[in-house]
Structures are given as structure tokens and as C-alpha cells.
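**Q** You'll find coords.cif just under this line, and it carries mmCIF, C-alpha atoms.
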data_final
loop_
_atom_site.label_atom_id
_atom_site.label_comp_id
_atom_site.auth_asym_id
_atom_site.auth_seq_id
_atom_site.Cartn_x
_atom_site.Cartn_y
_atom_site.Cartn_z
CA MET A 4 106.58 115.18 106.67
CA ARG A 5 105.12 118.64 107.06
CA ARG A 6 105.29 120.59 103.84
CA ALA A 7 105.56 124.23 102.97
CA ASN A 8 102.44 126.03 101.84
CA VAL A 9 103.07 125.57 98.09
CA PRO A 10 101.06 123.99 95.25
CA LEU A 11 101.87 120.51 93.98
CA LEU A 12 103.26 121.46 90.62
CA SER A 13 103.50 125.21 91.11
CA LEU A 14 104.02 126.47 87.59
CA LEU A 15 105.71 123.27 86.42
CA SER A 16 102.87 122.57 84.04
CA VAL A 17 102.02 126.11 83.09
CA LEU A 18 104.72 128.75 83.15
CA GLY A 19 107.91 127.06 84.41
CA ALA A 20 109.76 127.05 87.67
CA LEU A 21 108.45 128.81 90.76
CA LEU A 22 109.75 128.26 94.26
CA ALA A 23 112.89 126.55 92.99
CA GLY A 24 115.88 126.77 95.28
CA GLY A 25 119.56 126.61 94.47
CA CYS A 26 121.73 123.63 95.28
CA GLY A 27 125.37 122.78 95.02
CA GLY A 28 127.13 120.00 93.18
CA ALA A 29 127.11 116.33 94.17
CA SER A 30 129.63 113.52 93.91
CA HIS A 31 129.21 111.21 90.93
CA SER A 32 131.77 108.61 91.88
CA GLY A 33 129.69 105.59 90.86
CA ARG A 34 129.41 104.50 94.51
CA GLU A 35 127.26 107.47 95.44
CA LEU A 36 124.00 108.84 94.22
CA THR A 37 121.97 111.94 94.94
CA LEU A 38 118.32 111.47 95.82
CA TYR A 39 115.82 114.32 95.65
CA ASN A 40 113.23 113.18 98.15
CA GLY A 41 109.63 114.44 98.21
CA GLN A 42 108.38 111.39 100.12
CA HIS A 43 107.98 111.36 103.92
CA GLU A 44 111.45 111.72 105.40
CA GLN A 45 111.06 108.95 107.99
CA THR A 46 110.07 106.44 105.32
CA THR A 47 112.88 107.43 102.99
CA ALA A 48 115.50 107.33 105.75
CA LEU A 49 114.56 103.75 106.57
CA LEU A 50 114.73 102.64 102.92
CA VAL A 51 117.98 104.48 102.24
CA ALA A 52 119.67 102.90 105.27
CA ALA A 53 118.64 99.42 104.13
CA PHE A 54 119.82 100.10 100.56
CA GLU A 55 123.18 101.46 101.70
CA LYS A 56 123.73 98.43 103.93
CA GLN A 57 122.89 96.01 101.13
CA THR A 58 124.83 97.68 98.30
CA GLY A 59 127.52 99.87 99.85
CA VAL A 60 126.30 102.77 97.71
CA LYS A 61 126.10 106.05 99.63
CA VAL A 62 122.88 108.01 99.10
CA ASN A 63 122.99 111.78 99.51
CA VAL A 64 119.43 112.76 100.37
CA ARG A 65 117.96 116.20 99.75
CA SER A 66 114.44 116.30 101.16
CA GLY A 67 111.80 118.93 100.51
CA ASP A 68 108.38 119.61 99.11
CA GLU A 69 107.96 117.52 95.97
CA ALA A 70 106.61 120.45 93.96
CA THR A 71 109.60 122.59 94.85
CA LEU A 72 112.00 119.76 94.02
CA GLY A 73 110.19 119.08 90.75
CA ASN A 74 110.49 122.74 89.81
CA GLN A 75 114.15 122.65 90.76
CA ILE A 76 114.76 119.67 88.46
CA LEU A 77 112.95 121.47 85.66
CA GLN A 78 115.14 124.52 86.13
CA GLU A 79 118.35 122.52 86.44
CA GLY A 80 117.57 120.46 83.34
CA SER A 81 120.54 118.47 82.05
CA SER A 82 122.75 119.98 84.78
CA SER A 83 120.72 118.56 87.66
CA PRO A 84 122.85 116.81 90.30
CA ALA A 85 119.89 114.53 91.11
CA ASP A 86 120.13 110.88 90.10
CA VAL A 87 116.78 109.77 91.54
CA PHE A 88 113.55 111.61 92.32
CA TYR A 89 111.30 109.90 94.91
CA THR A 90 107.88 111.47 95.37
CA GLU A 91 104.81 111.16 97.52
CA ASN A 92 102.45 111.54 94.54
CA THR A 93 102.66 110.81 90.82
CA PRO A 94 101.50 114.06 89.11
CA VAL A 95 104.90 115.73 89.50
CA LEU A 96 106.54 112.66 87.94
CA GLU A 97 104.11 112.85 85.04
CA ALA A 98 104.97 116.51 84.55
CA LEU A 99 108.70 115.77 84.44
CA ARG A 100 108.07 112.88 82.06
CA GLU A 101 106.22 115.26 79.74
CA HIS A 102 109.30 117.49 79.76
CA GLY A 103 111.53 114.56 78.76
CA LEU A 104 113.60 114.64 81.95
CA LEU A 105 113.16 111.02 83.07
CA ALA A 106 115.07 107.94 81.92
CA PRO A 107 113.33 104.61 81.20
CA VAL A 108 113.09 102.34 84.25
CA ALA A 109 114.60 98.87 83.97
CA ALA A 110 112.01 96.35 82.76
CA ALA A 111 112.59 94.00 85.71
CA THR A 112 111.90 96.84 88.15
CA LEU A 113 108.65 97.76 86.43
CA ALA A 114 107.60 94.11 86.45
CA ALA A 115 107.92 93.89 90.25
CA VAL A 116 104.62 95.74 90.81
CA PRO A 117 101.34 95.56 88.86
CA SER A 118 101.69 97.46 85.60
CA ARG A 119 98.49 99.46 86.11
CA TYR A 120 100.24 101.38 88.90
CA ASP A 121 103.38 102.38 86.96
CA SER A 122 104.05 105.01 84.35
CA ALA A 123 102.33 103.97 81.14
CA GLN A 124 105.53 104.90 79.29
CA GLY A 125 107.83 103.12 81.75
CA ASP A 126 109.55 106.30 82.97
CA TRP A 127 108.81 105.89 86.69
CA VAL A 128 107.88 103.03 89.01
CA ALA A 129 105.16 103.03 91.66
CA VAL A 130 106.49 102.18 95.13
CA SER A 131 103.58 102.33 97.59
CA ALA A 132 99.91 103.29 97.77
CA ARG A 133 97.61 105.29 99.97
CA VAL A 134 93.82 105.70 100.01
CA SER A 135 91.93 108.98 100.32
CA THR A 136 89.52 108.82 103.24
CA LEU A 137 87.47 111.06 105.50
CA VAL A 138 88.58 111.41 109.12
CA TYR A 139 85.70 112.27 111.45
CA ASN A 140 85.33 113.13 115.11
CA THR A 141 83.41 110.28 116.74
CA ARG A 142 82.01 112.59 119.44
CA GLN A 143 80.41 114.89 116.87
CA ILE A 144 79.52 112.66 113.92
CA THR A 145 77.72 109.32 113.94
CA THR A 146 78.25 106.68 111.26
CA ALA A 147 74.70 107.33 110.02
CA GLN A 148 75.63 110.96 109.30
CA LEU A 149 78.67 110.16 107.18
CA PRO A 150 78.54 111.14 103.50
CA SER A 151 78.52 108.53 100.74
CA SER A 152 80.38 110.89 98.39
CA ILE A 153 83.10 113.47 98.90
CA LEU A 154 80.97 115.91 96.88
CA GLU A 155 78.49 116.10 99.77
CA LEU A 156 81.04 117.98 101.90
CA ALA A 157 80.31 121.10 99.84
CA GLY A 158 76.64 121.05 100.87
CA PRO A 159 75.01 123.25 103.54
CA ARG A 160 74.76 120.36 106.03
CA TRP A 161 78.53 120.54 106.52
CA LYS A 162 78.75 124.30 107.08
CA GLY A 163 81.43 125.01 109.69
CA LYS A 164 82.33 121.34 110.09
CA VAL A 165 85.00 120.69 107.47
CA GLY A 166 88.76 121.08 107.78
CA PHE A 167 91.03 120.64 104.77
CA ALA A 168 94.51 121.47 103.48
CA PRO A 169 94.32 122.66 99.85
CA SER A 170 98.05 123.48 99.68
CA GLU A 171 99.00 119.88 100.52
CA THR A 172 100.48 117.95 97.61
CA ASP A 173 98.04 115.15 98.50
CA PHE A 174 95.12 117.44 97.72
CA GLN A 175 95.87 117.87 94.00
CA PRO A 176 95.37 114.18 93.05
CA LEU A 177 92.09 114.21 94.97
CA LEU A 178 90.89 117.31 93.14
CA SER A 179 92.17 115.88 89.86
CA ALA A 180 90.01 112.80 90.45
CA ILE A 181 86.92 114.98 90.90
CA VAL A 182 87.76 116.87 87.70
CA LYS A 183 88.23 113.62 85.80
CA LEU A 184 85.15 111.80 87.11
CA ASP A 185 82.68 114.64 87.65
CA GLY A 186 83.89 117.47 85.41
CA THR A 187 85.61 120.79 85.90
CA ALA A 188 82.41 122.72 86.67
CA THR A 189 81.47 120.28 89.44
CA ALA A 190 84.99 120.39 90.83
CA GLU A 191 84.90 124.19 90.95
CA ARG A 192 81.53 124.22 92.74
CA TRP A 193 82.87 121.66 95.18
CA LEU A 194 85.91 123.80 95.94
CA GLU A 195 83.70 126.84 96.47
CA GLY A 196 81.54 124.83 98.86
CA MET A 197 84.58 123.59 100.75
CA GLN A 198 85.79 127.17 101.14
CA ALA A 199 82.38 128.22 102.45
CA ASN A 200 82.05 125.26 104.80
CA GLY A 201 85.47 124.79 106.27
CA ARG A 202 88.66 125.80 107.97
CA ILE A 203 91.84 125.78 105.92
CA TYR A 204 94.84 124.12 107.53
CA PRO A 205 98.49 124.09 106.39
CA ASP A 206 98.84 120.30 106.11
CA ASN A 207 97.12 116.98 106.66
CA GLU A 208 98.84 116.43 110.01
CA THR A 209 96.98 119.51 111.24
CA VAL A 210 93.72 118.34 109.66
CA VAL A 211 93.76 114.98 111.44
CA THR A 212 94.87 116.57 114.73
CA GLN A 213 92.17 119.24 114.71
CA VAL A 214 89.45 116.78 113.73
CA ASN A 215 90.56 114.53 116.57
CA ASN A 216 90.52 117.56 118.92
CA GLY A 217 87.05 118.58 117.74
CA GLU A 218 87.91 121.93 116.17
CA SER A 219 86.62 120.49 112.88
CA ALA A 220 84.20 117.60 112.64
CA VAL A 221 85.50 116.00 109.43
CA GLY A 222 88.36 116.34 106.97
CA PRO A 223 89.65 114.66 103.79
CA ILE A 224 93.07 113.04 104.29
CA ASN A 225 95.07 110.03 103.18
CA HIS A 226 94.55 107.07 105.46
CA TYR A 227 98.03 106.85 106.98
CA TYR A 228 97.84 110.21 108.77
CA TRP A 229 95.22 108.80 111.10
CA TYR A 230 97.20 105.63 111.83
CA ARG A 231 100.25 107.70 112.73
CA LEU A 232 98.17 109.92 115.02
CA ARG A 233 96.77 106.79 116.70
CA ASP A 234 100.29 105.55 117.39
CA GLU A 235 101.31 108.97 118.72
CA LEU A 236 98.35 109.45 121.07
CA GLY A 237 97.52 105.89 122.04
CA ALA A 238 94.00 104.47 122.14
CA GLY A 239 92.89 106.73 124.97
CA GLY A 240 93.69 109.89 123.05
CA VAL A 241 91.90 108.99 119.83
CA HIS A 242 88.44 110.51 119.34
CA SER A 243 88.27 110.01 115.59
CA ALA A 244 87.95 107.30 112.96
CA LEU A 245 88.24 106.81 109.21
CA HIS A 246 85.38 106.64 106.75
CA TYR A 247 85.76 105.20 103.25
CA TYR A 248 83.41 106.52 100.58
CA ALA A 249 81.11 104.48 98.38
CA SER A 250 82.64 102.36 95.65
CA GLY A 251 84.04 104.33 92.73
CA ASP A 252 83.61 107.75 94.34
CA ALA A 253 86.27 110.35 93.54
CA GLY A 254 86.93 110.65 97.28
CA ASP A 255 87.92 107.00 97.44
CA LEU A 256 91.12 107.48 95.46
CA LEU A 257 94.06 105.10 95.32
CA ASP A 258 97.18 107.23 94.87
CA PHE A 259 100.82 106.25 94.67
CA SER A 260 104.30 107.29 95.65
CA GLY A 261 106.80 106.77 92.85
CA ALA A 262 110.44 107.03 91.88
CA ALA A 263 112.33 107.84 88.71
CA VAL A 264 115.88 108.03 87.39
CA LEU A 265 116.82 111.40 85.93
CA ARG A 266 117.87 111.34 82.30
CA SER A 267 120.77 113.63 83.25
CA SER A 268 122.13 111.17 85.87
CA SER A 269 125.73 110.07 85.45
CA ASN A 270 125.15 107.32 88.04
CA ARG A 271 122.50 105.43 86.10
CA SER A 272 123.57 101.99 87.36
CA ALA A 273 123.35 102.96 91.04
CA ALA A 274 120.15 104.91 90.41
CA GLN A 275 118.49 101.95 88.70
CA ALA A 276 119.65 99.73 91.55
CA PHE A 277 117.96 102.05 94.06
CA LEU A 278 114.66 101.86 92.18
CA ALA A 279 114.98 98.08 91.99
CA PHE A 280 115.53 97.97 95.75
CA LEU A 281 112.44 100.08 96.47
CA VAL A 282 110.20 97.46 94.82
CA SER A 283 112.21 94.40 95.88
CA ARG A 284 110.76 92.10 98.52
CA LYS A 285 113.27 93.41 101.08
CA GLY A 286 112.47 97.05 100.29
CA GLN A 287 108.72 96.51 100.26
CA GLU A 288 108.79 94.57 103.52
CA ALA A 289 110.86 97.34 105.13
CA LEU A 290 108.23 99.83 104.02
CA ALA A 291 105.35 97.60 105.18
CA HIS A 292 106.87 97.16 108.65
CA SER A 293 107.69 100.83 109.07
CA HIS A 294 105.71 103.64 110.66
CA SER A 295 104.62 104.88 107.23
CA TYR A 296 101.40 102.81 107.08
CA GLU A 297 101.49 102.95 103.29
CA TYR A 298 100.47 99.91 101.26
CA PRO A 299 103.32 97.96 99.64
CA LEU A 300 102.64 97.19 95.97
CA ARG A 301 104.75 94.10 95.39
CA PRO A 302 102.48 91.01 95.29
CA GLY A 303 102.91 88.79 98.32
CA VAL A 304 104.08 91.51 100.71
CA THR A 305 101.62 91.98 103.57
CA PRO A 306 100.82 95.55 104.68
CA ALA A 307 101.02 96.72 108.26
CA ARG A 308 98.64 95.00 110.65
CA GLY A 309 95.38 96.85 111.16
CA LEU A 310 95.19 98.45 107.72
CA VAL A 311 91.97 97.88 105.80
CA PRO A 312 92.89 95.36 103.07
CA LEU A 313 93.14 96.97 99.64
CA SER A 314 91.14 94.05 98.28
CA SER A 315 88.16 95.14 100.41
CA LEU A 316 88.15 98.65 98.93
CA HIS A 317 86.83 99.67 95.54
CA PRO A 318 88.50 102.97 94.74
CA ALA A 319 87.77 105.15 91.75
CA ALA A 320 88.97 103.46 88.58
CA LEU A 321 91.62 106.00 87.67
CA THR A 322 95.15 105.28 86.53
CA PRO A 323 98.07 107.65 87.25
CA ALA A 324 98.01 108.60 83.56
CA GLU A 325 94.35 109.58 83.84
CA LEU A 326 95.10 111.72 86.90
CA GLY A 327 97.76 113.39 84.77
CA ASP A 328 100.08 116.16 85.85
CA GLY A 329 97.64 117.99 88.13
CA SER A 330 97.52 121.15 86.03
CA ALA A 331 93.71 121.30 85.90
CA ALA A 332 93.47 121.02 89.68
CA LEU A 333 96.19 123.60 90.11
CA ALA A 334 94.38 126.04 87.83
CA LEU A 335 91.15 125.70 89.84
CA GLU A 336 92.89 126.28 93.15
CA GLN A 337 94.65 129.35 91.79
CA LYS A 338 91.40 130.68 90.34
CA LEU A 339 89.69 130.44 93.73
CA GLY A 340 92.63 131.89 95.63
CA LEU A 341 93.46 128.71 97.51
CA LEU A 342 97.13 128.85 96.50
#
Could you show the structure in this file as C-alpha cells?
**A**
Amino acid sequence: MRRANVPLLSLLSVLGALLAGGCGGASHSGRELTLYNGQHEQTTALLVAAFEKQTGVKVNVRSGDEATLGNQILQEGSSSPADVFYTENTPVLEALREHGLLAPVAAATLAAVPSRYDSAQGDWVAVSARVSTLVYNTRQITTAQLPSSILELAGPRWKGKVGFAPSETDFQPLLSAIVKLDGTATAERWLEGMQANGRIYPDNETVVTQVNNGESAVGPINHYYWYRLRDELGAGGVHSALHYYASGDAGDLLDFSGAAVLRSSSNRSAAQAFLAFLVSRKGQEALAHSHSYEYPLRPGVTPARGLVPLSSLHPAALTPAELGDGSAALALEQKLGLL
């Protein structure tokens, strides 16, 4: 899903709602629920169709940028028509949790995926995972030239070669990881170096496309963007590959999509059932066999063929709670004029 050029949390964690849009009422009949969807629309459509077929519950989907939707929920408060919020990244869920807007997730639902991936307080459940990687143009960069750390991209060797999308919601968890592991001062210097070295694109779809085309030589993305481009272009049109950073590097980040029930929901039973479906074997297998190329989190469900096994990667040891609500990353991007 291509997203608008807005920050992940906007002012959700600092001053309140920015970019929030109005919305009308929704049916609360008990056989319907309203889903605010910040996850990729294709993925959500597949899961919603399977859930509706299994349960007979109609899901009214309102898709948009997860930051905008999060701000909208904050502004709507107890009057929000949303029953469920499904996001591409966890920081916005953490921010809403801090504001007391999320209801506890059923214990059985939380138990379906490893506890280290879920909300530490049990207020949202992790649904799928993605890994931060570096896409590189194989005609311009050899494997010997690839950096061992994402921090190297800010160095003079990469001048004019980097493409990145700082307004993408995926970018804030990555920057948050650098802040957490390497400190705010290092993160700020890295951002300054990225500005000096690279082209700024509106989204990760553009990053992976322009690296593949050769306009930029490298770019930080989540892994699945490259797999989707490969499917779109076919083997003959792919002139790029993925590089995974050294073990424990901030650039090798495991990040999660997640879902929560709104405390204001009057369809709690249906909303909890939807979350349970997302992490059920049927829901996770639907996700694994889809075009999303995200990693299912339920043990025993095999990811899409061709993905690098999660067990072979050693991402930075950061929990969603340690990544937090993204406010530190947001503040840095605003300070440097990237948002």
C-alpha cells in the first residue's frame, strides 16, 4: 500500500491529533464490525474475506495511513466507531495503549504467537513480521562492497548512492532501533549523513523500484517490497538483491504488524474473534500463502517459499516495548526537516 507523506505518529505522542480526518457512524449490530486498517490493503482484504466466510460477521474496512488512523482514534476517543485497529507497525499501537484506548486481548489469542512479539501489557497481538534489509543494484554494487552496518550508509563512500523514504511508517521503527542501540546523537548524525548522501522518495515501493532501475544504488527497505517487485517484473526484470546486515545491527530489525480491540468498541465479541482469526492456523496460513511475503508468527506455519528463514537471521534484540511509540524518532525527523 502506498502511503501519504505523513509521519508515523504525527503528533500522537507529542501534541495530539494532526492529519485526522472525519468519518461517519458505523453499524454495531453484533454481526458487523468496523476495522481501521493501516496494514497493506491486499493482505487485509484476503484476511477479511476468509474471516467473513468462516464467521458470517461483516467487516467494514476503512483503510489509510496508520498514523492518520491512529490520530483519528485519539481524536474520536470513546466515540470512535472503530472496533479493531490493524497496523503495519507497532509504535502506533503502543502510543494508543499509553493513552488507555485499547482493550485487553483474549489470553488464548495472545498465546497463539510467541509472547516476546506481543504487547507486554496484553493490549495488542502481533500478527506477522518483516525484516529490515538493504536492497542494492547488482549492476552497481558487488557483494564485497556491501556495508556490515546500516550506520555506514551515512559515510562519504555512499555519497549520491542512497535512496530512502523517511516519511514511510516503516522508517520510524528503523530509526527508533538506531536511537535505542546506538544513542540519539548517533542517530541524528546518521540522519544527517543520509540526507547528504541520498535521494528522498515518497515510499518504499519507489525506493525498491528506483534501486532496481539504477537511479539509486542502495536503499533501506523491509524485505517484502523486493519480493513483490520480483513477482511484478519477473526474473528478467530484476537487477537488484537483498542484503542482510551483520548480527544484532540496528539495520537488521525484526518488526511486526499488530492488531488491537478498541476499548470503546460495542462489538467486543466480534472484534476479539477477528483478532483470534488473524493468529489462528487458518489466518496465518492465508497470510503465508498470500502475496504479502510477511512472516507468519504462529509456530508451525511455514512462510512463503523463497523467504530467508527467520531462524537463519539474527536481528537486533529489541522488543516492541523497547522500540516504544516512535516519539524519539519522530522528533529527530522533525528537527532535521524530514517531515
**Q** In Å, how far is it from atom CA of A:Leu96 to atom CA of A:Pro176?
**A** 12.4 Å
**Q** Nearest to A:Gly254 among A:Ala238, A:Leu38, A:Leu178, A:Val51, with distances taken over only C-alpha atoms: which residue is it?
**A**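 Closest candidate: A:Leu178.
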**Q** Given the PyMOL selection byres ((chain A and resi 320) around 10) and the file above, list the residues it selects as a list in words.
**A**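 Output from the PyMOL selection byres ((chain A and resi 320) around 10), applied to this file: Ala180, Leu184, Ser250, Gly251, Asp252, Ala253, Asp255, Leu256, Leu257, His317, Pro318, Ala319, Leu321, Thr322 and Glu325 of chain A.
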**Q** Near A:Asp173, counting all atoms listed in the file, which residues have an atom at most 9 Å away, once you skip same-chain residues fewer than 4 positions from it, shown as a PyMOL selection string?
**A** chain A and resi 11+91-92+135+168-169+177+207+224-225+258
**Q** Which residue, A:Arg34, A:Ser272, A:Leu339, A:Pro323, has the smallest gap to A:Leu194 when you use all atoms listed in the file?
**A**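 Smallest separation from A:Leu194 among the options: A:Leu339.
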**Q** With distances taken over all atoms listed in the file, which residue among A:Thr212, A:Glu218, A:Leu326, A:Gly163 lies nearest A:Leu236?
**A** A:Thr212
**Q** Nearest to A:Gly286: which of A:Ser131, A:Gln148, A:Asn63, A:Ser118 is it, counting all atoms listed in the file?
**A**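 Nearest to A:Gly286: A:Ser131.
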**Q** To one decimal place, how far is atom CA of A:Val60 from atom CA of A:Ser268 in Å?
**A** 15.1 Å
**Q** Under the rule that only C-alpha atoms are counted, which of A:Gly186, A:Ser293, A:Pro117, A:Gly327 is the nearest residue to A:Ala48?
**A** A:Ser293
